[in-house]
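Asker: target16.cif is the file, holding mmCIF, C-alpha atoms:
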data_coords
#
loop_
_atom_site.group_PDB
_atom_site.id
_atom_site.type_symbol
_atom_site.label_atom_id
_atom_site.label_comp_id
_atom_site.auth_asym_id
_atom_site.auth_seq_id
_atom_site.Cartn_x
_atom_site.Cartn_y
_atom_site.Cartn_z
ATOM 1 C CA MET L 1 3.336 -4.057 43.617
ATOM 2 C CA PHE L 2 3.684 -7.743 44.477
ATOM 3 C CA GLY L 3 0.778 -8.553 42.142
ATOM 4 C CA ALA L 4 2.429 -6.720 39.267
ATOM 5 C CA LEU L 5 5.701 -8.520 39.914
ATOM 6 C CA THR L 6 3.911 -11.876 39.994
ATOM 7 C CA LEU L 7 2.084 -11.056 36.760
ATOM 8 C CA CYS L 8 5.367 -10.131 35.069
ATOM 9 C CA MET L 9 6.958 -13.369 36.263
ATOM 10 C CA PHE L 10 4.091 -15.450 34.828
ATOM 11 C CA ALA L 11 4.152 -13.528 31.547
ATOM 12 C CA PHE L 12 7.909 -13.957 31.265
ATOM 13 C CA SER L 13 7.726 -17.662 32.095
ATOM 14 C CA GLY L 14 4.998 -18.057 29.425
ATOM 15 C CA ILE L 15 7.289 -16.531 26.826
ATOM 16 C CA VAL L 16 10.180 -18.730 27.854
ATOM 17 C CA SER L 17 8.121 -21.912 27.833
ATOM 18 C CA ALA L 18 6.983 -21.256 24.252
ATOM 19 C CA GLN L 19 10.501 -20.923 22.933
ATOM 20 C CA LYS L 20 12.560 -23.553 21.187
ATOM 21 C CA TYR L 21 15.827 -22.853 23.011
ATOM 22 C CA LYS L 22 15.559 -22.667 26.787
ATOM 23 C CA THR L 23 18.867 -23.381 28.495
ATOM 24 C CA ALA L 24 22.389 -22.060 28.294
ATOM 25 C CA ALA L 25 23.396 -25.382 26.719
ATOM 26 C CA ASP L 26 21.053 -24.577 23.815
ATOM 27 C CA THR L 27 22.944 -21.411 22.905
ATOM 28 C CA LEU L 28 25.252 -23.284 20.525
ATOM 29 C CA LYS L 29 22.244 -24.574 18.579
ATOM 30 C CA LEU L 30 20.624 -21.153 18.745
ATOM 31 C CA ASN L 31 23.770 -19.462 17.437
ATOM 32 C CA LYS L 32 24.043 -22.020 14.614
ATOM 33 C CA GLU L 33 20.439 -21.436 13.573
ATOM 34 C CA TYR L 34 20.972 -17.676 13.833
ATOM 35 C CA SER L 35 24.008 -17.966 11.573
ATOM 36 C CA ASP L 36 22.121 -20.143 9.072
ATOM 37 C CA VAL L 37 19.180 -17.750 8.916
ATOM 38 C CA SER L 38 21.523 -14.779 8.523
ATOM 39 C CA LEU L 39 23.243 -16.557 5.628
ATOM 40 C CA GLU L 40 19.861 -17.270 4.005
ATOM 41 C CA ILE L 41 18.951 -13.591 4.311
ATOM 42 C CA SER L 42 22.240 -12.622 2.663
ATOM 43 C CA LYS L 43 21.606 -15.012 -0.239
ATOM 44 C CA LEU L 44 18.056 -13.725 -0.648
ATOM 45 C CA ASN L 45 19.360 -10.149 -0.659
ATOM 46 C CA VAL L 46 21.779 -11.036 -3.472
ATOM 47 C CA LYS L 47 18.907 -12.546 -5.480
ATOM 48 C CA LEU L 48 16.795 -9.471 -4.758
ATOM 49 C CA ILE L 49 19.525 -7.142 -6.012
ATOM 50 C CA GLU L 50 19.895 -9.237 -9.174
ATOM 51 C CA ALA L 51 16.133 -9.138 -9.767
ATOM 52 C CA LYS L 52 16.042 -5.374 -9.239
ATOM 53 C CA ASP L 53 18.944 -4.962 -11.672
ATOM 54 C CA LYS L 54 16.958 -6.880 -14.289
ATOM 55 C CA THR L 55 14.032 -4.497 -13.869
ATOM 56 C CA ALA L 56 15.717 -1.679 -15.797
ATOM 57 C CA GLY L 57 16.528 -4.043 -18.665
ATOM 58 C CA TYR L 58 12.975 -5.324 -18.773
ATOM 59 C CA ASP L 59 11.620 -1.777 -18.716
ATOM 60 C CA SER L 60 13.718 -0.719 -21.704
ATOM 61 C CA LYS L 61 13.034 -3.974 -23.556
ATOM 62 C CA THR L 62 9.292 -3.569 -23.023
ATOM 63 C CA LEU L 63 9.393 0.009 -24.263
ATOM 64 C CA TYR L 64 11.546 -0.853 -27.286
ATOM 65 C CA THR L 65 9.479 -3.859 -28.354
ATOM 66 C CA ALA L 66 6.228 -1.944 -27.928
ATOM 67 C CA GLN L 67 7.546 0.864 -30.153
ATOM 68 C CA SER L 68 8.893 -1.646 -32.666
ATOM 69 C CA ALA L 69 5.546 -3.457 -32.793
ATOM 70 C CA THR L 70 3.714 -0.179 -33.329
ATOM 71 C CA ASN L 71 6.072 0.866 -36.125
ATOM 72 C CA SER L 72 5.825 -2.542 -37.796
ATOM 73 C CA ALA L 73 2.052 -2.424 -37.626
ATOM 74 C CA GLU L 74 2.009 1.015 -39.247
ATOM 75 C CA VAL L 75 4.328 -0.103 -42.072
ATOM 76 C CA SER L 76 2.277 -3.284 -42.511
ATOM 77 C CA LYS L 77 -0.907 -1.244 -42.754
ATOM 78 C CA SER L 78 0.687 1.028 -45.333
ATOM 79 C CA ASP L 79 1.992 -1.938 -47.360
ATOM 80 C CA ALA L 80 -1.407 -3.622 -47.203
ATOM 81 C CA ALA L 81 -3.040 -0.492 -48.565
ATOM 82 C CA THR L 82 -0.497 -0.442 -51.426
ATOM 83 C CA ALA L 83 -1.012 -4.175 -52.076
ATOM 84 C CA THR L 84 -4.695 -3.654 -52.801
ATOM 85 C CA ASP L 85 -3.683 -2.248 -56.185
ATOM 86 C CA GLY L 86 -3.193 -5.852 -57.334
ATOM 87 C CA LYS L 87 0.584 -6.129 -57.813
ATOM 88 C CA LEU L 88 2.027 -9.436 -56.598
ATOM 89 C CA THR L 89 5.285 -7.919 -55.281
ATOM 90 C CA ASP L 90 3.305 -5.417 -53.216
ATOM 91 C CA ALA L 91 1.226 -8.263 -51.767
ATOM 92 C CA LYS L 92 4.358 -10.258 -50.898
ATOM 93 C CA THR L 93 5.922 -7.213 -49.257
ATOM 94 C CA ALA L 94 2.730 -6.590 -47.287
ATOM 95 C CA MET L 95 2.684 -10.236 -46.174
ATOM 96 C CA LYS L 96 6.318 -10.091 -44.968
ATOM 97 C CA GLN L 97 5.642 -6.863 -43.142
ATOM 98 C CA ALA L 98 2.518 -8.324 -41.511
ATOM 99 C CA LYS L 99 4.544 -11.323 -40.289
ATOM 100 C CA LYS L 100 7.207 -8.969 -38.920
ATOM 101 C CA ALA L 101 4.528 -6.913 -37.159
ATOM 102 C CA ASP L 102 3.068 -10.099 -35.644
ATOM 103 C CA LYS L 103 6.520 -11.213 -34.449
ATOM 104 C CA ASP L 104 7.189 -7.786 -32.933
ATOM 105 C CA ALA L 105 3.818 -7.843 -31.168
ATOM 106 C CA LYS L 106 4.634 -11.269 -29.689
ATOM 107 C CA ASP L 107 8.060 -9.983 -28.581
ATOM 108 C CA ALA L 108 6.374 -7.027 -26.896
ATOM 109 C CA LYS L 109 3.972 -9.357 -25.071
ATOM 110 C CA ASN L 110 6.849 -11.618 -23.973
ATOM 111 C CA ALA L 111 8.812 -8.611 -22.718
ATOM 112 C CA LYS L 112 5.789 -7.421 -20.740
ATOM 113 C CA ASP L 113 5.338 -10.941 -19.293
ATOM 114 C CA ASP L 114 9.034 -11.089 -18.327
ATOM 115 C CA GLN L 115 8.712 -7.729 -16.627
ATOM 116 C CA SER L 116 5.601 -8.859 -14.767
ATOM 117 C CA ASN L 117 7.281 -12.105 -13.636
ATOM 118 C CA ASN L 118 10.305 -10.142 -12.429
ATOM 119 C CA ILE L 119 8.076 -7.908 -10.306
ATOM 120 C CA LYS L 120 6.440 -11.000 -8.796
ATOM 121 C CA ASP L 121 9.897 -12.459 -8.044
ATOM 122 C CA ILE L 122 10.923 -9.237 -6.312
ATOM 123 C CA ASP L 123 7.767 -9.332 -4.186
ATOM 124 C CA LYS L 124 8.344 -12.993 -3.246
ATOM 125 C CA LEU L 125 11.980 -12.371 -2.327
ATOM 126 C CA THR L 126 11.038 -9.345 -0.236
ATOM 127 C CA ALA L 127 8.417 -11.405 1.618
ATOM 128 C CA LYS L 128 10.925 -14.215 2.272
ATOM 129 C CA ILE L 129 13.464 -11.731 3.604
ATOM 130 C CA GLN L 130 10.879 -10.242 5.970
ATOM 131 C CA GLU L 131 9.932 -13.729 7.151
ATOM 132 C CA LYS L 132 13.582 -14.585 7.862
ATOM 133 C CA LYS L 133 14.039 -11.289 9.719
ATOM 134 C CA LEU L 134 11.131 -12.258 11.972
ATOM 135 C CA VAL L 135 12.881 -15.563 12.693
ATOM 136 C CA LEU L 136 16.043 -13.638 13.621
ATOM 137 C CA ALA L 137 14.041 -11.380 15.920
ATOM 138 C CA ASP L 138 12.533 -14.441 17.604
ATOM 139 C CA LEU L 139 15.992 -15.981 18.031
ATOM 140 C CA ASP L 140 17.213 -12.712 19.570
ATOM 141 C CA ARG L 141 14.276 -12.800 21.962
ATOM 142 C CA GLN L 142 15.080 -16.392 22.916
ATOM 143 C CA LYS L 143 18.739 -15.548 23.487
ATOM 144 C CA THR L 144 17.720 -12.655 25.737
ATOM 145 C CA ALA L 145 15.410 -14.954 27.687
ATOM 146 C CA ILE L 146 18.181 -17.534 28.145
ATOM 147 C CA ILE L 147 20.540 -14.854 29.422
ATOM 148 C CA ALA L 148 17.860 -13.559 31.802
ATOM 149 C CA LEU L 149 17.250 -17.052 33.193
ATOM 150 C CA ASN L 150 20.931 -17.940 33.351
ATOM 151 C CA PRO L 151 22.886 -14.839 34.306
ATOM 152 C CA PRO L 152 26.631 -15.106 33.836
ATOM 153 C CA PRO L 153 28.570 -16.019 36.988
ATOM 154 C CA GLN L 154 29.766 -13.142 39.109
ATOM 155 C CA VAL L 155 33.480 -12.603 38.977
ATOM 156 C CA PRO L 156 34.845 -11.961 42.450
ATOM 157 C CA SER L 157 36.227 -8.514 42.691
ATOM 158 C CA ALA L 158 39.904 -8.130 43.460
ATOM 159 C CA MET L 159 40.969 -6.907 46.832
ATOM 160 C CA PRO L 160 41.364 -3.177 46.823
ATOM 161 C CA VAL L 161 44.954 -2.051 46.779
ATOM 162 C CA PRO L 162 45.782 0.287 49.630
ATOM 163 C CA PRO L 163 47.209 3.637 48.612
ATOM 164 C CA VAL L 164 50.966 3.845 48.626
ATOM 165 C CA LYS L 165 52.450 6.210 51.209
ATOM 166 C CA GLN L 166 55.217 8.438 50.070
#
How does the structure come out when it is put into structure tokens?
Answerer:
Amino acid sequence: MFGALTLCMFAFSGIVSAQKYKTAADTLKLNKEYSDVSLEISKLNVKLIEAKDKTAGYDSKTLYTAQSATNSAEVSKSDAATATDGKLTDAKTAMKQAKKADKDAKDAKNAKDDQSNNIKDIDKLTAKIQEKKLVLADLDRQKTAIIALNPPPQVPSAMPVPPVKQ
């Protein structure tokens, strides 16, 4: 029993010695850092919500531009087949349609890239939030250790009031 108690004391003192904030006087600094980290988490959550809101727009844009590129390519192919008859106006029309198809294909690629970048941003923000939550957990642990090492002073109990006789 004594050995277990001693082991617990050494383990607890090892945790306390590895912490940044150790005394009751450090609680102001600890609370300030806790507040700052909480604020950072809130800001990161706002950015995360904004990034997630963009996801739906990127999804629809990617779908629309992919369909538009496919349609333009089909029309361009049809116009190119017509242009082989040798008419200059058909060739010009086919050329315009080919340029439009190329532009639509580039738009589709850009939309897909934007969507991919947005997903990466969401992953980075989520990782940062998790990292900050670990910092908060560590600060909570340090606060608990400070309280355990420096218990609040005992308030003397009031004298009991004798019962009133009637």
Asker: What's the separation between CA of Ala56 in chain L and CA of Lys99 in chain L, in Å to one decimal place?
Answerer: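 About the pair CA of Ala56 in chain L and CA of Lys99 in chain L: they are 28.6 Å apart.
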Asker: Distance CA of Ser60 in chain L-CA of Gln115 in chain L, one decimal place?
Answerer: 10.0 Å
Asker: Might you pull out every residue within 10 Å of Asn110 in chain L, with all atoms listed in the file counted and same-chain residues fewer than 4 positions away left off, and present them as an mmCIF file with C-alpha atoms, in the coordinates of the input?
Answerer:
data_model
loop_
_atom_site.group_PDB
_atom_site.id
_atom_site.type_symbol
_atom_site.label_atom_id
_atom_site.label_comp_id
_atom_site.auth_asym_id
_atom_site.auth_seq_id
_atom_site.Cartn_x
_atom_site.Cartn_y
_atom_site.Cartn_z
ATOM 1 C CA LYS L 61 13.034 -3.974 -23.556
ATOM 2 C CA THR L 62 9.292 -3.569 -23.023
ATOM 3 C CA THR L 65 9.479 -3.859 -28.354
ATOM 4 C CA ASP L 104 7.189 -7.786 -32.933
ATOM 5 C CA ALA L 105 3.818 -7.843 -31.168
ATOM 6 C CA LYS L 106 4.634 -11.269 -29.689
ATOM 7 C CA ASP L 114 9.034 -11.089 -18.327
ATOM 8 C CA GLN L 115 8.712 -7.729 -16.627
ATOM 9 C CA SER L 116 5.601 -8.859 -14.767
#
Asker: Just so the selection is clear, what residues does the PyMOL selection byres ((chain L and resi 30) around 9) cover here, as a JSON list (two decimals) with C-alpha atoms, keeping the file's coordinate frame?
Answerer:
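result.json, written as the output of this step:
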[["chain", "number", "residue", "atom", "x", "y", "z"],
["L", 20, "LYS", "CA", 12.56, -23.55, 21.19],
["L", 21, "TYR", "CA", 15.83, -22.85, 23.01],
["L", 26, "ASP", "CA", 21.05, -24.58, 23.82],
["L", 27, "THR", "CA", 22.94, -21.41, 22.90],
["L", 28, "LEU", "CA", 25.25, -23.28, 20.52],
["L", 29, "LYS", "CA", 22.24, -24.57, 18.58],
["L", 31, "ASN", "CA", 23.77, -19.46, 17.44],
["L", 32, "LYS", "CA", 24.04, -22.02, 14.61],
["L", 33, "GLU", "CA", 20.44, -21.44, 13.57],
["L", 34, "TYR", "CA", 20.97, -17.68, 13.83],
["L", 35, "SER", "CA", 24.01, -17.97, 11.57],
["L", 139, "LEU", "CA", 15.99, -15.98, 18.03],
["L", 142, "GLN", "CA", 15.08, -16.39, 22.92],
["L", 143, "LYS", "CA", 18.74, -15.55, 23.49]]
Asker: Record the distance separating CA of Tyr58 in chain L and CA of Asn45 in chain L, expressed in Å with one decimal.
Answerer: 19.8 Å
Asker: Using all atoms listed in the file, pick whichever of L:Lys100, L:Leu63, L:Ala94, L:Val37 has the shortest atom-to-atom distance to Gln130 in chain L.
Answerer: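 Nearest candidate to Gln130 in chain L out of L:Lys100, L:Leu63, L:Ala94, L:Val37: L:Val37.
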Asker: Would you pick out the contacts of Lys133 in chain L at 9 Å or less, using only C-alpha atoms, so that residues sharing its chain but fewer than 4 positions from it are not included, and give the list as a list in words?
Answerer: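 Listing them by chain and then by number gives Val37, Ser38, Ile41, Lys128, Ile129, Ala137 and Asp138 of chain L.
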Asker: What would the selection look like, as a PyMOL selection string, if the PyMOL selection byres ((chain L and resi 23) around 9) were run on the coordinates I just shared?
Answerer: chain L and resi 21-22+24-27+146-147+149-150
Asker: Could you tell me which residues the PyMOL selection byres ((chain L and resi 51) around 10) returns for this structure, as a list in words?
Answerer: Asn45, Val46, Lys47, Leu48, Ile49, Glu50, Lys52, Asp53, Lys54, Thr55, Ala56, Asn118, Ile119, Lys120, Asp121, Ile122 and Leu125 of chain L
